[in-house]
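Q: My questions all concern the structure below.
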Amino acid sequence: MKKILLLAVTFSLTSCAQVQQTLNQLPQLSSQIPGVGGVDIASGLKEALNKGITQQVSKLTAVDGFYKNEAVKILMPAELQKVDATLRKIGLSSLADEGVKMLNRAAEDAVKEATPIFVSAVKNMTFTDAKNILLGNDSAATSYLQNSTTTALYGKFNPVIKNSFEKVGADVVWTKIITKYNTIPLVKKVNPDLTDYTTTQALSGVFKMIAVEEKDIRNNINARTTPLLKSVFAMQDGK
């Protein structure tokens, strides 16, 4: 009981360096004090990540989850910006809009494949990972997920986006767009890899939305909606 009280006082009164030192000792302390240290910190961080996935990533899977969210909406790639502008100048704005919408529809389909990969990454989080995330910057948890899931997510997203393009007829629309543009006199012909581009943009959108939720939990006490989130993130408030 004395050790529990001492640990609580230490967290509430020490500076950032002292918090770091205390956290370094937690693996040993947690083996002596059930429910304190590594278990709580890791569980709290896992809960925070799961909240980010549930609250934010799931929104992206809905119809218009990308297309009507200006923070993550996928626009034409840089090499096609002139294509977009040119189509609109010659009265083909609806065709340009349809092309952009289909990029976003494909991303919305792909993100449905993300949850199992995120769940695995969260489940495999170590105490060291949790400690570094807790004392890290406002996007430390997002960076952890990004580093541990990007390769797997790309492998899942890419074929889904390719299939989605075929399913919604995006391959036909984009062939029409690019063919139409390439017939315009004096323009530089283009033939971009839209599957790779959309996959990369979908990944960027996913992590951007997780980062939004993480920042909220770190900086807004009201966003800590469970006792575990409140107790664990209180440790980082005084860093």
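Residues in the structure tokens are numbered from 1 in each chain, the chains being A, B, ... in the order shown, and ligands are numbered from 1 in the order shown.
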Could you give me, as a ChimeraX atom specification, each residue of segment 61-139 of chain A that DSSP assigns to alpha helix (DSSP H) when run on this structure's backbone?
A: /A:81-89,93-111,114-123,127-134
Q: For Ser231 of chain A, work out the shell of residues within 10 Å, counting only C-alpha atoms and skipping chain neighbours fewer than 6 positions away, then give it as JSON, numbers by chain.
A: {"A": [40, 41, 44, 224]}
Q: For the selection just defined, write its residues with C-alpha atoms to a file, as an mmCIF file, in the first residue's frame.
A:
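And here's again-v1.cif as it stands now:
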```cif
data_model
loop_
_atom_site.group_PDB
_atom_site.id
_atom_site.type_symbol
_atom_site.label_atom_id
_atom_site.label_comp_id
_atom_site.auth_asym_id
_atom_site.auth_seq_id
_atom_site.Cartn_x
_atom_site.Cartn_y
_atom_site.Cartn_z
ATOM 1 C CA ASP A 40 -2.316 0.033 -16.968
ATOM 2 C CA ILE A 41 -0.180 2.102 -19.318
ATOM 3 C CA GLY A 44 -4.674 2.691 -21.654
ATOM 4 C CA ARG A 224 -10.890 10.741 -22.075
#
```
Q: Kindly indicate which residue among A:Ser139, A:Ile177, A:Met209, A:Asp216 lies nearest to Lys59 of chain A, using only C-alpha atoms for the distances.
A: A:Met209
Q: Select, from A:Asn50, A:Thr199, A:Thr183, A:Gln56, the residue with the minimum atom-to-atom distance to Val122 of chain A, counting only C-alpha atoms.
A: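 Checking each candidate against Val122 of chain A, we get A:Asn50 as the closest.
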Q: Point out the residue among A:Thr128, A:Thr149, A:Gln236, A:Asn137 with the least atom-to-atom distance to Val206 of chain A, counting only C-alpha atoms.
A: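 The answer is A:Thr149, which sits nearest to Val206 of chain A.
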Q: Between A:Thr86, A:Asn158, A:Thr179, A:Ser204, single out the one closest to Thr142 of chain A, counting only C-alpha atoms.
A: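 For Thr142 of chain A, the nearest of the given residues is A:Ser204.
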Q: Would you please work out which residue, of A:Leu80, A:Ala71, A:Leu153, A:Met102, is nearest to Tyr181 of chain A when using only C-alpha atoms?
A: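 For Tyr181 of chain A, the nearest of the given residues is A:Leu80.
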Q: Would you kindly return, as an MDAnalysis selection string, each protein, DNA or RNA residue with an atom no farther than 8 Å from any atom of Tyr154 of chain A, considering only C-alpha atoms and excluding same-chain residues fewer than 3 positions away?
A: chainID A and resid 150:151 157:158 199:200 203
Q: Take atom CA of Asn104 of chain A and atom CA of Asp138 of chain A and report the distance between them in Å, one decimal.
A: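 So the answer is 27.5 Å.
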Q: Write out as an MDAnalysis selection string each polymer residue whose atoms come within 9 Å of Pro77 of chain A, counting only C-alpha atoms; drop sequence neighbours fewer than 2 positions from it.
A: chainID A and resid 74:75 79:81 192 194 197:198
Q: Atoms to include: all heavy atoms. Write the selected residues as a PDB file, in the first residue's frame.
A:
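Generated file (again-v8.pdb):
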```pdb
ATOM      1  N   ILE A  74      -9.469  12.964 -51.580  1.00  0.00           N
ATOM      2  CA  ILE A  74      -8.419  12.689 -52.560  1.00  0.00           C
ATOM      3  C   ILE A  74      -8.709  13.480 -53.832  1.00  0.00           C
ATOM      4  O   ILE A  74      -9.753  13.301 -54.466  1.00  0.00           O
ATOM      5  CB  ILE A  74      -8.340  11.180 -52.867  1.00  0.00           C
ATOM      6  CG1 ILE A  74      -8.030  10.404 -51.583  1.00  0.00           C
ATOM      7  CG2 ILE A  74      -7.284  10.910 -53.930  1.00  0.00           C
ATOM      8  CD1 ILE A  74      -8.083   8.897 -51.740  1.00  0.00           C
ATOM      9  N   LEU A  75      -7.781  14.349 -54.203  1.00  0.00           N
ATOM     10  CA  LEU A  75      -7.908  15.147 -55.412  1.00  0.00           C
ATOM     11  C   LEU A  75      -7.106  14.486 -56.527  1.00  0.00           C
ATOM     12  O   LEU A  75      -6.430  13.475 -56.313  1.00  0.00           O
ATOM     13  CB  LEU A  75      -7.402  16.563 -55.143  1.00  0.00           C
ATOM     14  CG  LEU A  75      -8.092  17.299 -53.983  1.00  0.00           C
ATOM     15  CD1 LEU A  75      -7.433  18.648 -53.744  1.00  0.00           C
ATOM     16  CD2 LEU A  75      -9.587  17.474 -54.262  1.00  0.00           C
ATOM     17  N   GLU A  79       0.218  15.395 -61.452  1.00  0.00           N
ATOM     18  CA  GLU A  79       0.417  15.334 -62.899  1.00  0.00           C
ATOM     19  C   GLU A  79      -0.892  15.441 -63.678  1.00  0.00           C
ATOM     20  O   GLU A  79      -0.886  15.631 -64.896  1.00  0.00           O
ATOM     21  CB  GLU A  79       1.146  14.044 -63.270  1.00  0.00           C
ATOM     22  CG  GLU A  79       0.384  12.778 -62.939  1.00  0.00           C
ATOM     23  CD  GLU A  79       1.223  11.540 -63.164  1.00  0.00           C
ATOM     24  OE1 GLU A  79       1.733  11.353 -64.277  1.00  0.00           O
ATOM     25  OE2 GLU A  79       1.356  10.767 -62.201  1.00  0.00           O
ATOM     26  N   LEU A  80      -2.025  15.305 -62.960  1.00  0.00           N
ATOM     27  CA  LEU A  80      -3.317  15.424 -63.618  1.00  0.00           C
ATOM     28  C   LEU A  80      -4.040  16.727 -63.284  1.00  0.00           C
ATOM     29  O   LEU A  80      -5.188  16.914 -63.679  1.00  0.00           O
ATOM     30  CB  LEU A  80      -4.212  14.237 -63.247  1.00  0.00           C
ATOM     31  CG  LEU A  80      -3.808  12.873 -63.793  1.00  0.00           C
ATOM     32  CD1 LEU A  80      -4.842  11.816 -63.406  1.00  0.00           C
ATOM     33  CD2 LEU A  80      -3.646  12.898 -65.299  1.00  0.00           C
ATOM     34  N   GLN A  81      -3.386  17.614 -62.546  1.00  0.00           N
ATOM     35  CA  GLN A  81      -4.027  18.889 -62.223  1.00  0.00           C
ATOM     36  C   GLN A  81      -4.355  19.673 -63.488  1.00  0.00           C
ATOM     37  O   GLN A  81      -5.419  20.293 -63.603  1.00  0.00           O
ATOM     38  CB  GLN A  81      -3.125  19.726 -61.310  1.00  0.00           C
ATOM     39  CG  GLN A  81      -2.920  19.149 -59.916  1.00  0.00           C
ATOM     40  CD  GLN A  81      -4.217  19.079 -59.113  1.00  0.00           C
ATOM     41  OE1 GLN A  81      -5.085  19.932 -59.226  1.00  0.00           O
ATOM     42  NE2 GLN A  81      -4.355  18.029 -58.313  1.00  0.00           N
ATOM     43  N   PRO A 192      -0.902   8.051 -65.640  1.00  0.00           N
ATOM     44  CA  PRO A 192      -0.473   7.834 -64.250  1.00  0.00           C
ATOM     45  C   PRO A 192      -0.946   6.498 -63.691  1.00  0.00           C
ATOM     46  O   PRO A 192      -1.913   5.912 -64.184  1.00  0.00           O
ATOM     47  CB  PRO A 192      -1.138   8.989 -63.507  1.00  0.00           C
ATOM     48  CG  PRO A 192      -2.383   9.243 -64.305  1.00  0.00           C
ATOM     49  CD  PRO A 192      -2.010   9.009 -65.734  1.00  0.00           C
ATOM     50  N   LEU A 194      -2.909   5.283 -61.169  1.00  0.00           N
ATOM     51  CA  LEU A 194      -3.919   5.803 -60.245  1.00  0.00           C
ATOM     52  C   LEU A 194      -4.181   4.861 -59.078  1.00  0.00           C
ATOM     53  O   LEU A 194      -4.596   5.298 -58.009  1.00  0.00           O
ATOM     54  CB  LEU A 194      -5.220   6.086 -60.989  1.00  0.00           C
ATOM     55  CG  LEU A 194      -5.176   7.308 -61.907  1.00  0.00           C
ATOM     56  CD1 LEU A 194      -6.451   7.401 -62.725  1.00  0.00           C
ATOM     57  CD2 LEU A 194      -4.980   8.586 -61.108  1.00  0.00           C
ATOM     58  N   TYR A 197      -1.436   5.702 -56.573  1.00  0.00           N
ATOM     59  CA  TYR A 197      -1.701   7.040 -56.047  1.00  0.00           C
ATOM     60  C   TYR A 197      -2.843   7.023 -55.040  1.00  0.00           C
ATOM     61  O   TYR A 197      -2.729   7.574 -53.937  1.00  0.00           O
ATOM     62  CB  TYR A 197      -2.035   7.994 -57.197  1.00  0.00           C
ATOM     63  CG  TYR A 197      -2.570   9.328 -56.738  1.00  0.00           C
ATOM     64  CD1 TYR A 197      -1.715  10.296 -56.203  1.00  0.00           C
ATOM     65  CD2 TYR A 197      -3.931   9.637 -56.821  1.00  0.00           C
ATOM     66  CE1 TYR A 197      -2.202  11.528 -55.770  1.00  0.00           C
ATOM     67  CE2 TYR A 197      -4.422  10.859 -56.397  1.00  0.00           C
ATOM     68  CZ  TYR A 197      -3.551  11.799 -55.871  1.00  0.00           C
ATOM     69  OH  TYR A 197      -4.032  13.013 -55.423  1.00  0.00           O
ATOM     70  N   THR A 198      -3.932   6.366 -55.379  1.00  0.00           N
ATOM     71  CA  THR A 198      -5.093   6.334 -54.501  1.00  0.00           C
ATOM     72  C   THR A 198      -4.803   5.538 -53.233  1.00  0.00           C
ATOM     73  O   THR A 198      -5.259   5.897 -52.141  1.00  0.00           O
ATOM     74  CB  THR A 198      -6.311   5.741 -55.234  1.00  0.00           C
ATOM     75  OG1 THR A 198      -6.527   6.467 -56.451  1.00  0.00           O
ATOM     76  CG2 THR A 198      -7.566   5.815 -54.386  1.00  0.00           C
TER      77      THR A 198
END
```
